[in-house]
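K.L.:
My structure file run_36.pdb, PDB, C-alpha atoms (C1' of nucleotides), is below:
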MODEL        1
ATOM      1  CA  MET A  34      81.939  18.058 -76.555
ATOM      2  CA  PRO A  35      79.815  20.766 -77.899
ATOM      3  CA  GLU A  36      79.730  24.145 -76.234
ATOM      4  CA  LEU A  37      78.110  27.276 -77.581
ATOM      5  CA  PRO A  38      80.362  27.739 -80.651
ATOM      6  CA  GLU A  39      79.976  24.125 -81.772
ATOM      7  CA  VAL A  40      76.202  24.134 -81.310
ATOM      8  CA  GLU A  41      75.970  27.447 -83.163
ATOM      9  CA  THR A  42      78.039  25.994 -86.019
ATOM     10  CA  ILE A  43      75.671  23.038 -86.230
ATOM     11  CA  ARG A  44      72.674  25.376 -86.149
ATOM     12  CA  ARG A  45      73.998  27.401 -89.065
ATOM     13  CA  GLY A  46      74.724  24.247 -91.021
ATOM     14  CA  LEU A  47      71.248  22.852 -90.526
ATOM     15  CA  GLU A  48      69.774  26.189 -91.501
ATOM     16  CA  LYS A  49      71.503  25.860 -94.854
ATOM     17  CA  GLU A  50      70.425  22.305 -95.561
ATOM     18  CA  VAL A  51      67.104  21.296 -94.056
ATOM     19  CA  LEU A  52      64.701  24.222 -93.796
ATOM     20  CA  HIS A  53      61.278  23.680 -95.418
ATOM     21  CA  LYS A  54      62.043  20.130 -96.487
ATOM     22  CA  ARG A  55      59.210  17.731 -95.732
ATOM     23  CA  ILE A  56      60.081  14.910 -93.317
ATOM     24  CA  ILE A  57      59.001  11.602 -94.834
ATOM     25  CA  ASP A  58      60.537   9.082 -92.432
ATOM     26  CA  VAL A  59      61.896   8.864 -88.901
ATOM     27  CA  GLN A  60      63.996   5.952 -87.728
ATOM     28  CA  ILE A  61      64.784   5.507 -84.041
ATOM     29  CA  ASN A  62      67.497   3.103 -82.957
ATOM     30  CA  LEU A  63      67.875   4.210 -79.329
ATOM     31  CA  PRO A  64      64.467   5.208 -77.954
ATOM     32  CA  ARG A  65      66.013   6.113 -74.586
ATOM     33  CA  LEU A  66      67.311   9.387 -76.056
ATOM     34  CA  ILE A  67      63.788  10.702 -76.558
ATOM     35  CA  LYS A  68      62.858  12.105 -73.229
ATOM     36  CA  ASN A  69      59.218  13.053 -73.280
ATOM     37  CA  LEU A  70      57.420  10.853 -75.812
ATOM     38  CA  THR A  71      57.173   7.252 -76.842
ATOM     39  CA  GLU A  72      58.900   6.154 -80.000
ATOM     40  CA  ASN A  73      55.586   6.076 -81.876
ATOM     41  CA  GLN A  74      54.324   9.437 -80.685
ATOM     42  CA  PHE A  75      57.621  10.994 -81.719
ATOM     43  CA  LYS A  76      57.545   9.418 -85.182
ATOM     44  CA  THR A  77      53.917  10.211 -85.833
ATOM     45  CA  ARG A  78      54.164  13.850 -84.866
ATOM     46  CA  LEU A  79      57.360  14.446 -86.821
ATOM     47  CA  THR A  80      56.445  12.668 -90.039
ATOM     48  CA  GLY A  81      54.907  15.005 -92.609
ATOM     49  CA  SER A  82      56.146  18.171 -90.933
ATOM     50  CA  PHE A  83      59.001  20.479 -91.911
ATOM     51  CA  ILE A  84      61.391  22.739 -90.033
ATOM     52  CA  LYS A  85      60.648  26.450 -90.362
ATOM     53  CA  THR A  86      63.390  27.936 -88.213
ATOM     54  CA  ILE A  87      66.284  26.753 -86.075
ATOM     55  CA  LYS A  88      67.320  28.543 -82.929
ATOM     56  CA  ARG A  89      69.946  27.953 -80.299
ATOM     57  CA  ARG A  90      69.598  28.470 -76.563
ATOM     58  CA  GLY A  91      72.884  27.843 -74.743
ATOM     59  CA  LYS A  92      73.891  24.344 -75.809
ATOM     60  CA  TYR A  93      70.369  23.407 -76.940
ATOM     61  CA  LEU A  94      69.152  23.351 -80.532
ATOM     62  CA  LEU A  95      65.498  24.228 -81.091
ATOM     63  CA  CYS A  96      63.878  23.309 -84.409
ATOM     64  CA  LEU A  97      60.520  25.030 -84.861
ATOM     65  CA  LEU A  98      58.173  23.055 -87.087
ATOM     66  CA  ASN A  99      55.275  24.136 -89.270
ATOM     67  CA  THR A 100      53.023  22.014 -87.025
ATOM     68  CA  LYS A 101      53.699  24.241 -83.997
ATOM     69  CA  ASP A 102      55.853  21.549 -82.504
ATOM     70  CA  CYS A 103      59.441  22.105 -81.462
ATOM     71  CA  LEU A 104      62.162  19.460 -81.887
ATOM     72  CA  ILE A 105      64.917  19.946 -79.325
ATOM     73  CA  PHE A 106      68.404  18.462 -79.163
ATOM     74  CA  HIS A 107      71.023  18.565 -76.434
ATOM     75  CA  LEU A 108      74.183  16.899 -77.705
ATOM     76  CA  GLY A 109      75.675  15.901 -74.360
ATOM     77  CA  MET A 110      79.400  15.111 -74.570
ATOM     78  CA  SER A 111      79.619  13.385 -77.924
ATOM     79  CA  GLY A 112      76.446  14.060 -79.892
ATOM     80  CA  LEU A 113      76.707  14.901 -83.591
ATOM     81  CA  LEU A 114      74.122  15.943 -86.137
ATOM     82  CA  LEU A 115      75.208  14.872 -89.598
ATOM     83  CA  TYR A 116      73.720  15.781 -92.928
ATOM     84  CA  LEU A 117      73.684  13.184 -95.666
ATOM     85  CA  GLY A 118      72.699  14.394 -99.125
ATOM     86  CA  LYS A 119      70.879  12.180-101.590
ATOM     87  CA  ASP A 120      72.861   8.982-102.250
ATOM     88  CA  MET A 121      75.316   9.627 -99.393
ATOM     89  CA  ARG A 122      75.520   6.632 -97.100
ATOM     90  CA  THR A 123      78.226   7.487 -94.578
ATOM     91  CA  ILE A 124      80.756  10.032 -93.450
ATOM     92  CA  PRO A 125      84.372   8.862 -93.088
ATOM     93  CA  LYS A 126      85.441   7.941 -89.523
ATOM     94  CA  ILE A 127      81.897   8.137 -88.157
ATOM     95  CA  LYS A 128      80.798   4.767 -86.840
ATOM     96  CA  GLU A 129      77.345   3.800 -87.972
ATOM     97  CA  LYS A 130      76.694   1.801 -84.844
ATOM     98  CA  HIS A 131      76.347   5.096 -82.987
ATOM     99  CA  ASN A 132      73.659   6.401 -85.310
ATOM    100  CA  HIS A 133      70.677   6.594 -82.977
ATOM    101  CA  LEU A 134      68.142   8.634 -84.929
ATOM    102  CA  SER A 135      67.625   9.339 -88.593
ATOM    103  CA  ILE A 136      65.240  11.894 -90.096
ATOM    104  CA  SER A 137      64.690  11.554 -93.840
ATOM    105  CA  PHE A 138      63.437  14.327 -96.100
ATOM    106  CA  GLU A 139      61.401  14.292 -99.268
ATOM    107  CA  ASP A 140      64.447  14.975-101.460
ATOM    108  CA  ALA A 141      66.152  11.785-100.169
ATOM    109  CA  SER A 142      68.562  13.667 -97.924
ATOM    110  CA  LYS A 143      68.599  13.008 -94.181
ATOM    111  CA  ILE A 144      70.026  14.100 -90.869
ATOM    112  CA  ILE A 145      71.518  11.558 -88.486
ATOM    113  CA  TYR A 146      71.919  11.919 -84.745
ATOM    114  CA  ASN A 147      75.127  10.078 -83.819
ATOM    115  CA  ASP A 148      76.316   9.876 -80.212
ATOM    116  CA  VAL A 149      79.064   7.574 -78.925
ATOM    117  CA  ARG A 150      78.425   8.160 -75.244
ATOM    118  CA  GLN A 151      74.674   8.504 -75.434
ATOM    119  CA  PHE A 152      74.481  11.448 -73.029
ATOM    120  CA  GLY A 153      72.482  13.478 -75.532
ATOM    121  CA  LYS A 154      68.788  14.194 -75.104
ATOM    122  CA  ILE A 155      65.954  14.774 -77.562
ATOM    123  CA  TRP A 156      62.487  16.213 -76.989
ATOM    124  CA  LEU A 157      59.504  16.996 -79.163
ATOM    125  CA  ILE A 158      57.249  19.515 -77.448
ATOM    126  CA  ARG A 159      54.435  21.854 -78.373
ATOM    127  CA  GLU A 160      55.649  25.317 -79.264
ATOM    128  CA  GLY A 161      55.123  27.372 -76.132
ATOM    129  CA  GLU A 162      55.293  24.339 -73.863
ATOM    130  CA  LYS A 163      57.975  24.857 -71.252
ATOM    131  CA  LEU A 164      60.935  22.601 -70.732
ATOM    132  CA  PRO A 165      62.343  23.091 -67.218
ATOM    133  CA  ALA A 166      65.897  22.457 -68.394
ATOM    134  CA  ILE A 167      65.621  25.364 -70.833
ATOM    135  CA  GLU A 168      63.524  27.644 -68.641
ATOM    136  CA  SER A 169      66.252  27.641 -66.002
ATOM    137  CA  LEU A 170      69.037  28.712 -68.384
ATOM    138  CA  GLY A 171      70.779  32.001 -67.733
ATOM    139  CA  TRP A 172      72.059  34.717 -70.027
ATOM    140  CA  GLU A 173      73.186  34.222 -73.596
ATOM    141  CA  PRO A 174      76.752  35.537 -73.424
ATOM    142  CA  LEU A 175      76.642  36.939 -76.968
ATOM    143  CA  ASP A 176      73.279  38.652 -76.594
ATOM    144  CA  ASP A 177      73.628  42.452 -76.850
ATOM    145  CA  LYS A 178      71.327  42.731 -73.864
ATOM    146  CA  PHE A 179      73.933  40.889 -71.788
ATOM    147  CA  THR A 180      75.737  44.013 -70.666
ATOM    148  CA  PHE A 181      78.764  44.334 -68.441
ATOM    149  CA  GLN A 182      76.509  45.682 -65.696
ATOM    150  CA  ILE A 183      74.506  42.449 -65.762
ATOM    151  CA  PHE A 184      77.657  40.350 -65.708
ATOM    152  CA  PHE A 185      79.020  42.438 -62.846
ATOM    153  CA  ASP A 186      75.818  42.063 -60.819
ATOM    154  CA  LEU A 187      75.758  38.323 -61.461
ATOM    155  CA  PHE A 188      79.149  37.560 -59.994
ATOM    156  CA  ARG A 189      80.288  40.314 -57.673
ATOM    157  CA  ASN A 190      78.535  38.865 -54.631
ATOM    158  CA  LYS A 191      78.997  35.160 -55.244
ATOM    159  CA  LYS A 192      81.233  33.343 -52.834
ATOM    160  CA  GLY A 193      82.120  30.334 -54.987
ATOM    161  CA  GLY A 194      84.983  29.786 -57.404
ATOM    162  CA  ILE A 195      84.700  31.730 -60.650
ATOM    163  CA  LYS A 196      85.271  28.794 -62.996
ATOM    164  CA  SER A 197      82.492  26.680 -61.505
ATOM    165  CA  GLN A 198      80.159  29.603 -61.774
ATOM    166  CA  LEU A 199      81.063  30.404 -65.375
ATOM    167  CA  MET A 200      80.147  26.834 -66.245
ATOM    168  CA  ASN A 201      76.906  26.946 -64.300
ATOM    169  CA  GLN A 202      74.278  27.195 -67.030
ATOM    170  CA  LYS A 203      71.784  29.015 -64.836
ATOM    171  CA  TYR A 204      73.995  32.133 -64.717
ATOM    172  CA  ILE A 205      75.455  32.202 -68.245
ATOM    173  CA  THR A 206      74.601  29.521 -70.762
ATOM    174  CA  GLY A 207      76.819  27.942 -73.383
ATOM    175  CA  VAL A 208      80.219  28.124 -71.700
ATOM    176  CA  GLY A 209      81.705  24.693 -70.985
ATOM    177  CA  ASN A 210      85.095  23.432 -69.939
ATOM    178  CA  ILE A 211      87.170  24.478 -72.949
ATOM    179  CA  TYR A 212      85.927  28.053 -73.164
ATOM    180  CA  ALA A 213      85.900  28.575 -69.393
ATOM    181  CA  ASN A 214      89.579  27.588 -69.332
ATOM    182  CA  GLU A 215      90.411  29.828 -72.281
ATOM    183  CA  ALA A 216      88.484  32.890 -71.121
ATOM    184  CA  LEU A 217      90.004  32.767 -67.647
ATOM    185  CA  PHE A 218      93.472  32.508 -69.109
ATOM    186  CA  GLN A 219      92.821  35.393 -71.487
ATOM    187  CA  ALA A 220      91.594  37.476 -68.550
ATOM    188  CA  GLY A 221      94.576  36.498 -66.373
ATOM    189  CA  ILE A 222      92.349  35.143 -63.609
ATOM    190  CA  HIS A 223      92.993  31.993 -61.601
ATOM    191  CA  PRO A 224      90.020  29.602 -61.949
ATOM    192  CA  GLN A 225      89.796  29.066 -58.200
ATOM    193  CA  ARG A 226      89.439  32.755 -57.355
ATOM    194  CA  LYS A 227      86.250  33.451 -55.427
ATOM    195  CA  SER A 228      83.951  35.529 -57.597
ATOM    196  CA  ASP A 229      83.421  38.152 -54.907
ATOM    197  CA  SER A 230      87.173  38.728 -54.707
ATOM    198  CA  LEU A 231      87.431  39.883 -58.330
ATOM    199  CA  THR A 232      88.052  43.578 -58.866
ATOM    200  CA  ASP A 233      85.929  45.641 -61.234
ATOM    201  CA  GLN A 234      88.791  45.622 -63.666
ATOM    202  CA  GLU A 235      89.188  41.853 -63.516
ATOM    203  CA  LEU A 236      85.473  41.319 -64.063
ATOM    204  CA  GLN A 237      85.644  43.620 -67.036
ATOM    205  CA  LYS A 238      88.536  41.687 -68.534
ATOM    206  CA  LEU A 239      86.669  38.443 -67.992
ATOM    207  CA  TYR A 240      83.465  39.771 -69.533
ATOM    208  CA  PHE A 241      85.295  40.725 -72.714
ATOM    209  CA  ALA A 242      87.374  37.543 -72.711
ATOM    210  CA  ILE A 243      84.254  35.356 -72.665
ATOM    211  CA  LYS A 244      82.629  37.205 -75.548
ATOM    212  CA  ASP A 245      85.838  37.410 -77.526
ATOM    213  CA  THR A 246      86.706  33.729 -77.099
ATOM    214  CA  LEU A 247      83.232  32.544 -78.078
ATOM    215  CA  LYS A 248      83.033  34.842 -81.087
ATOM    216  CA  ARG A 249      86.421  33.815 -82.396
ATOM    217  CA  ALA A 250      85.556  30.149 -81.900
ATOM    218  CA  ILE A 251      82.349  30.551 -83.901
ATOM    219  CA  LEU A 252      84.325  32.198 -86.710
ATOM    220  CA  CYS A 253      86.517  29.067 -86.754
ATOM    221  CA  ASP A 254      83.493  26.715 -86.734
ATOM    222  CA  GLY A 255      84.255  25.491 -83.218
ATOM    223  CA  THR A 256      86.935  23.358 -81.602
ATOM    224  CA  THR A 257      87.885  19.881 -82.750
ATOM    225  CA  MET A 258      90.531  18.359 -80.473
ATOM    226  CA  ALA A 259      92.989  15.672 -81.570
ATOM    227  CA  ASP A 260      90.443  12.888 -81.140
ATOM    228  CA  GLU A 261      88.306  14.567 -83.818
ATOM    229  CA  SER A 262      85.119  13.803 -81.952
ATOM    230  CA  TYR A 263      83.471  17.086 -82.879
ATOM    231  CA  ARG A 264      82.372  17.588 -86.498
ATOM    232  CA  ASN A 265      79.932  19.938 -88.137
ATOM    233  CA  ILE A 266      76.927  18.616 -90.063
ATOM    234  CA  TRP A 267      79.072  17.927 -93.141
ATOM    235  CA  GLY A 268      81.528  15.901 -91.065
ATOM    236  CA  LYS A 269      84.208  18.610 -91.126
ATOM    237  CA  PRO A 270      86.258  19.487 -88.016
ATOM    238  CA  GLY A 271      86.325  22.996 -86.544
ATOM    239  CA  ASN A 272      89.535  25.038 -86.662
ATOM    240  CA  PHE A 273      89.650  26.728 -83.281
ATOM    241  CA  ALA A 274      92.005  24.113 -81.751
ATOM    242  CA  GLU A 275      94.935  25.979 -83.302
ATOM    243  CA  HIS A 276      93.906  29.102 -81.380
ATOM    244  CA  ILE A 277      93.489  27.306 -78.059
ATOM    245  CA  LEU A 278      96.007  28.704 -75.599
ATOM    246  CA  ILE A 279      95.959  26.318 -72.651
ATOM    247  CA  TYR A 280      93.060  23.823 -72.656
ATOM    248  CA  GLY A 281      94.263  20.252 -73.089
ATOM    249  CA  LYS A 282      97.956  21.199 -73.018
ATOM    250  CA  LYS A 283      99.090  18.639 -70.500
ATOM    251  CA  ASN A 284     102.799  19.162 -69.780
ATOM    252  CA  GLY A 285     102.579  22.271 -71.934
ATOM    253  CA  HIS A 286     103.924  25.758 -71.362
ATOM    254  CA  CYS A 287     102.303  29.126 -71.004
ATOM    255  CA  PRO A 288     102.189  30.891 -74.387
ATOM    256  CA  ILE A 289     102.835  34.206 -72.621
ATOM    257  CA  CYS A 290     105.590  33.570 -70.079
ATOM    258  CA  GLY A 291     106.797  30.084 -70.978
ATOM    259  CA  ASN A 292     106.382  28.607 -67.496
ATOM    260  CA  PRO A 293     104.996  25.067 -67.237
ATOM    261  CA  LEU A 294     101.210  24.902 -67.033
ATOM    262  CA  SER A 295      99.567  23.373 -63.963
ATOM    263  CA  LEU A 296      96.772  20.870 -64.292
ATOM    264  CA  ILE A 297      94.223  20.880 -61.472
ATOM    265  CA  ARG A 298      90.714  19.514 -61.092
ATOM    266  CA  ILE A 299      87.717  21.675 -60.311
ATOM    267  CA  GLU A 300      84.445  19.846 -59.803
ATOM    268  CA  ASN A 301      86.066  16.895 -61.500
ATOM    269  CA  ARG A 302      86.928  18.771 -64.687
ATOM    270  CA  SER A 303      90.467  19.243 -65.964
ATOM    271  CA  THR A 304      91.567  22.817 -65.468
ATOM    272  CA  PHE A 305      94.748  24.261 -66.963
ATOM    273  CA  VAL A 306      96.429  27.203 -65.273
ATOM    274  CA  CYS A 307      99.507  29.344 -65.624
ATOM    275  CA  THR A 308     100.099  30.305 -62.004
ATOM    276  CA  ALA A 309     102.407  33.106 -63.120
ATOM    277  CA  CYS A 310      99.905  34.785 -65.452
ATOM    278  CA  GLN A 311      96.644  33.914 -63.685
ATOM    279  CA  LYS A 312      96.301  35.471 -60.262
TER     280      LYS A 312
ATOM    281  C1'  DA B 150      75.566  28.465 -50.831
ATOM    282  C1'  DA B 151      79.375  25.761 -52.345
ATOM    283  C1'  DA B 152      82.021  21.870 -53.433
ATOM    284  C1'  DG B 153      82.707  16.973 -53.885
ATOM    285  C1'  DT B 154      81.124  12.381 -55.706
ATOM    286  C1'  DA B 155      78.765   9.253 -58.469
ATOM    287  C1'  DA B 156      75.865   8.174 -62.193
ATOM    288  C1'  DC B 157      74.550   8.055 -66.991
ATOM    289  C1'  DC B 158      77.732   5.597 -71.579
ATOM    290  C1'  DT B 159      81.623   4.126 -74.940
ATOM    291  C1'  DG B 160      86.284   4.329 -76.449
ATOM    292  C1'  DC B 161      90.987   5.281 -76.185
ATOM    293  C1'  DC B 162      95.456   5.684 -74.032
ATOM    294  C1'  DC B 163      98.880   4.516 -70.677
ATOM    295  C1'  DG B 164     101.391   1.821 -67.459
ATOM    296  C1'  DC B 165     102.261  -2.558 -65.663
TER     297       DC B 165
ATOM    298  C1'  DT C 165      99.326  -9.120 -75.607
ATOM    299  C1'  DG C 166      96.010  -8.054 -72.115
ATOM    300  C1'  DC C 167      93.946  -5.895 -68.197
ATOM    301  C1'  DG C 168      92.724  -2.147 -65.239
ATOM    302  C1'  DG C 169      92.560   2.673 -64.317
ATOM    303  C1'  DG C 170      91.895   7.175 -65.793
ATOM    304  C1'  DC C 171      90.172  10.330 -68.806
ATOM    305  C1'  DA C 172      86.930  12.763 -72.427
ATOM    306  C1'  DG C 173      83.585  19.626 -75.282
ATOM    307  C1'  DG C 174      77.730  17.659 -70.117
ATOM    308  C1'  DT C 175      74.138  17.435 -66.710
ATOM    309  C1'  DT C 176      71.818  15.823 -62.645
ATOM    310  C1'  DA C 177      71.100  13.997 -58.054
ATOM    311  C1'  DC C 178      72.757  13.354 -53.798
ATOM    312  C1'  DT C 179      76.094  14.154 -49.934
ATOM    313  C1'  DT C 180      79.096  16.790 -47.037
TER     314       DT C 180
ENDMDL
END
Give the structure from the file, written as structure tokens.
P.N.:
Amino acid sequence: MPELPEVETIRRGLEKEVLHKRIIDVQINLPRLIKNLTENQFKTRLTGSFIKTIKRRGKYLLCLLNTKDCLIFHLGMSGLLLYLGKDMRTIPKIKEKHNHLSISFEDASKIIYNDVRQFGKIWLIREGEKLPAIESLGWEPLDDKFTFQIFFDLFRNKKGGIKSQLMNQKYITGVGNIYANEALFQAGIHPQRKSDSLTDQELQKLYFAIKDTLKRAILCDGTTMADESYRNIWGKPGNFAEHILIYGKKNGHCPICGNPLSLIRIENRSTFVCTACQK
DNA sequence: AAAGTAACCTGCCCGC
DNA sequence: TGCGGGCAGGTTACTT
């Protein structure tokens, strides 16, 4: 599910609702999701603290606490963070049996971690402690310091296919299957092109397409496909699906030339291509 | 270095 | 109606 725009939408939502609210209770229903502590250690260290700031790194959410601890979420394929105000018990269409973690605040509101497929991961670390999964992440595509020159140097000598490399979090972080498909289409580049075969002009188009696609998706609060599995913290879907050009359009047609779209698999992920427009 | 496969999970959809 | 296969916004380990 959640790629950079969805995680950023969740981050902004949490920032509005839970900063500086004292945590009074932590309930864990699926201890497996907590990766580096026992259930009790996690509860004990979290209870009584409050979140000071919330950052995002790629698809990770980092909640910095007043105790100098850092609560980290990776939402996997189907993870959701849901905010329930005082007296709210559920959110329509969200199944309670997939609520795996609940953090309650002093004002009787809470956040719930819900995850159908259970691929999500949660850590509680000391601020400054290093998590290898995060240390190895590459560039933030929307960071101003991520210049075209850096992008160019990253990919111009790589022999592999461009789509695989765009999705490789150690080069650029936050781009997943939807936005890789969309950016490559917008740039007119076939996903199986070898990176080192791309011209300067093609790389430039791709660089801007990635930034543009991600920014527009954030403005729409992310992508919720027909299955509605992605929701923001208030349970609302994102609106970027209506701007999606090719991802998920099985048996669909190219919005530019009208030719039928091809569906191929790259590293086991569905990849949509217009072979007329993407060379 | 690159690409394929399977594994981790549950649920839904499709064809038979 | 039911069953099996395939597929789903991700990551990792292991193999070719």
K.L.:
Each residue of chain C lying at most 9 Å from chain A should get a row with its shortest atom-to-atom pair and the distance in Å to one decimal, counting only C-alpha atoms (C1' of nucleotides); could you produce that, ordered by chain and increasing number, as a tab-separated table?
P.N.:
residue	atom	partner	partner_atom	distance
C:DA172	C1'	A:Met110	CA	8.2
C:DG173	C1'	A:Met34	CA	2.6
C:DG174	C1'	A:Gly109	CA	5.0
C:DT175	C1'	A:Gly109	CA	8.0
K.L.:
Suppose we keep C-alpha atoms (C1' of nucleotides); can you now write the selection as a PDB file, keeping the file's coordinate frame?
P.N.:
ATOM      1  C1'  DA C 172      86.930  12.763 -72.427  1.00  0.00           C
ATOM      2  C1'  DG C 173      83.585  19.626 -75.282  1.00  0.00           C
ATOM      3  C1'  DG C 174      77.730  17.659 -70.117  1.00  0.00           C
ATOM      4  C1'  DT C 175      74.138  17.435 -66.710  1.00  0.00           C
TER       5       DT C 175
END
K.L.:
Would you give me, as an NGL selection string, the residues of chain B that come within 7 Å of chain A, using only C-alpha atoms (C1' of nucleotides)?
P.N.:
:B and (151 or 153 or 157-159)
K.L.:
Kindly list the centre and edge lengths in Å, rounded to one decimal, for the axis-aligned box that covers all listed atoms of segment 168-175 of chain C plus 6 Å on each of its six sides, as JSON.
P.N.:
{"center_x": 83.4, "center_y": 8.7, "center_z": -69.8, "size_x": 30.6, "size_y": 33.8, "size_z": 23.0}
K.L.:
Starting from the shown file, work through the PyMOL selection byres ((chain A and resi 284-288) around 10) and note down what comes out as a PyMOL selection string.
P.N.:
chain A and resi 218+278-283+289-296+305-310
K.L.:
To one decimal place in Å, what is the distance between atom CA of Ile195 of chain A and atom CA of Leu113 of chain A?
P.N.:
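That distance, rounded to one decimal, is 29.6 Å.
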K.L.:
Leaving out segment 96-100 of chain A and any residue of its chain fewer than 2 positions from it, which residues lie within 9 Å of it when counting only C-alpha atoms (C1' of nucleotides), given as a PDB file with C-alpha atoms, in the frame of the given file?
P.N.:
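The new file selection-v5.pdb reads:
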ATOM      1  CA  HIS A  53      61.278  23.680 -95.418  1.00  0.00           C
ATOM      2  CA  ARG A  78      54.164  13.850 -84.866  1.00  0.00           C
ATOM      3  CA  LEU A  79      57.360  14.446 -86.821  1.00  0.00           C
ATOM      4  CA  SER A  82      56.146  18.171 -90.933  1.00  0.00           C
ATOM      5  CA  PHE A  83      59.001  20.479 -91.911  1.00  0.00           C
ATOM      6  CA  ILE A  84      61.391  22.739 -90.033  1.00  0.00           C
ATOM      7  CA  LYS A  85      60.648  26.450 -90.362  1.00  0.00           C
ATOM      8  CA  THR A  86      63.390  27.936 -88.213  1.00  0.00           C
ATOM      9  CA  ILE A  87      66.284  26.753 -86.075  1.00  0.00           C
ATOM     10  CA  LYS A  88      67.320  28.543 -82.929  1.00  0.00           C
ATOM     11  CA  ARG A  89      69.946  27.953 -80.299  1.00  0.00           C
ATOM     12  CA  LEU A  94      69.152  23.351 -80.532  1.00  0.00           C
ATOM     13  CA  ASP A 102      55.853  21.549 -82.504  1.00  0.00           C
ATOM     14  CA  CYS A 103      59.441  22.105 -81.462  1.00  0.00           C
ATOM     15  CA  LEU A 104      62.162  19.460 -81.887  1.00  0.00           C
ATOM     16  CA  ILE A 105      64.917  19.946 -79.325  1.00  0.00           C
ATOM     17  CA  PHE A 106      68.404  18.462 -79.163  1.00  0.00           C
ATOM     18  CA  ARG A 159      54.435  21.854 -78.373  1.00  0.00           C
ATOM     19  CA  GLU A 160      55.649  25.317 -79.264  1.00  0.00           C
TER      20      GLU A 160
END
K.L.:
Quick one: apply the PyMOL selection byres ((chain C and resi 171) around 9) to the file and drop the selected residues here as a CSV table (one decimal) with C-alpha atoms (C1' of nucleotides), in the coordinates of the input.
P.N.:
chain,number,residue,atom,x,y,z
B,161,DC,C1',91.0,5.3,-76.2
B,162,DC,C1',95.5,5.7,-74.0
C,170,DG,C1',91.9,7.2,-65.8
C,172,DA,C1',86.9,12.8,-72.4
K.L.:
Kindly give the distance, in Å, that separates atom CA of Leu66 of chain A and atom CA of Ile251 of chain A, rounded to a single decimal.
P.N.:
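Atom CA of Ile251 of chain A lies 27.1 Å from atom CA of Leu66 of chain A.
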K.L.:
Calculate how many Å separate atom CA of Phe241 of chain A from atom CA of Ile277 of chain A, rounding to one decimal.
P.N.:
16.6 Å
K.L.:
Name the residues within 12 Å of (80.1, 7.2, -57.5), counting only C-alpha atoms (C1' of nucleotides) in the file's coordinates, and put them as a PyMOL selection string.
P.N.:
(chain B and resi 153-157) or (chain C and resi 177-179)
K.L.:
Expand the PyMOL selection byres ((chain A and resi 156) around 7) into the explicit residue set it covers here, and present it as an mmCIF file with C-alpha atoms, in the coordinates of the input.
P.N.:
data_model
loop_
_atom_site.group_PDB
_atom_site.id
_atom_site.type_symbol
_atom_site.label_atom_id
_atom_site.label_comp_id
_atom_site.auth_asym_id
_atom_site.auth_seq_id
_atom_site.Cartn_x
_atom_site.Cartn_y
_atom_site.Cartn_z
ATOM 1 C CA ILE A 67 63.788 10.702 -76.558
ATOM 2 C CA LYS A 68 62.858 12.105 -73.229
ATOM 3 C CA ASN A 69 59.218 13.053 -73.280
ATOM 4 C CA LEU A 104 62.162 19.460 -81.887
ATOM 5 C CA ILE A 105 64.917 19.946 -79.325
ATOM 6 C CA PHE A 106 68.404 18.462 -79.163
ATOM 7 C CA LYS A 154 68.788 14.194 -75.104
ATOM 8 C CA ILE A 155 65.954 14.774 -77.562
ATOM 9 C CA LEU A 157 59.504 16.996 -79.163
ATOM 10 C CA ILE A 158 57.249 19.515 -77.448
#
K.L.:
For each of A:Ser135, A:Gln182, A:Asn265, A:Gln225, take the minimum atom-to-atom distance to Leu199 of chain A, counting only C-alpha atoms, then give the residue where this is smallest.
P.N.:
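The answer is A:Gln225, which sits nearest to Leu199 of chain A.
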K.L.:
Using only C-alpha atoms, pick whichever of A:Ile145, A:Ile266, A:Leu170, A:Leu239 has the shortest atom-to-atom distance to Arg45 of chain A.
P.N.:
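The answer is A:Ile266, which sits nearest to Arg45 of chain A.
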K.L.:
Please identify all polymer residues within 12 Å of DC165 of chain B, counting all atoms listed in the file, omitting same-chain residues fewer than 6 positions from it, and present them as a PyMOL selection string.
P.N.:
chain C and resi 166-169
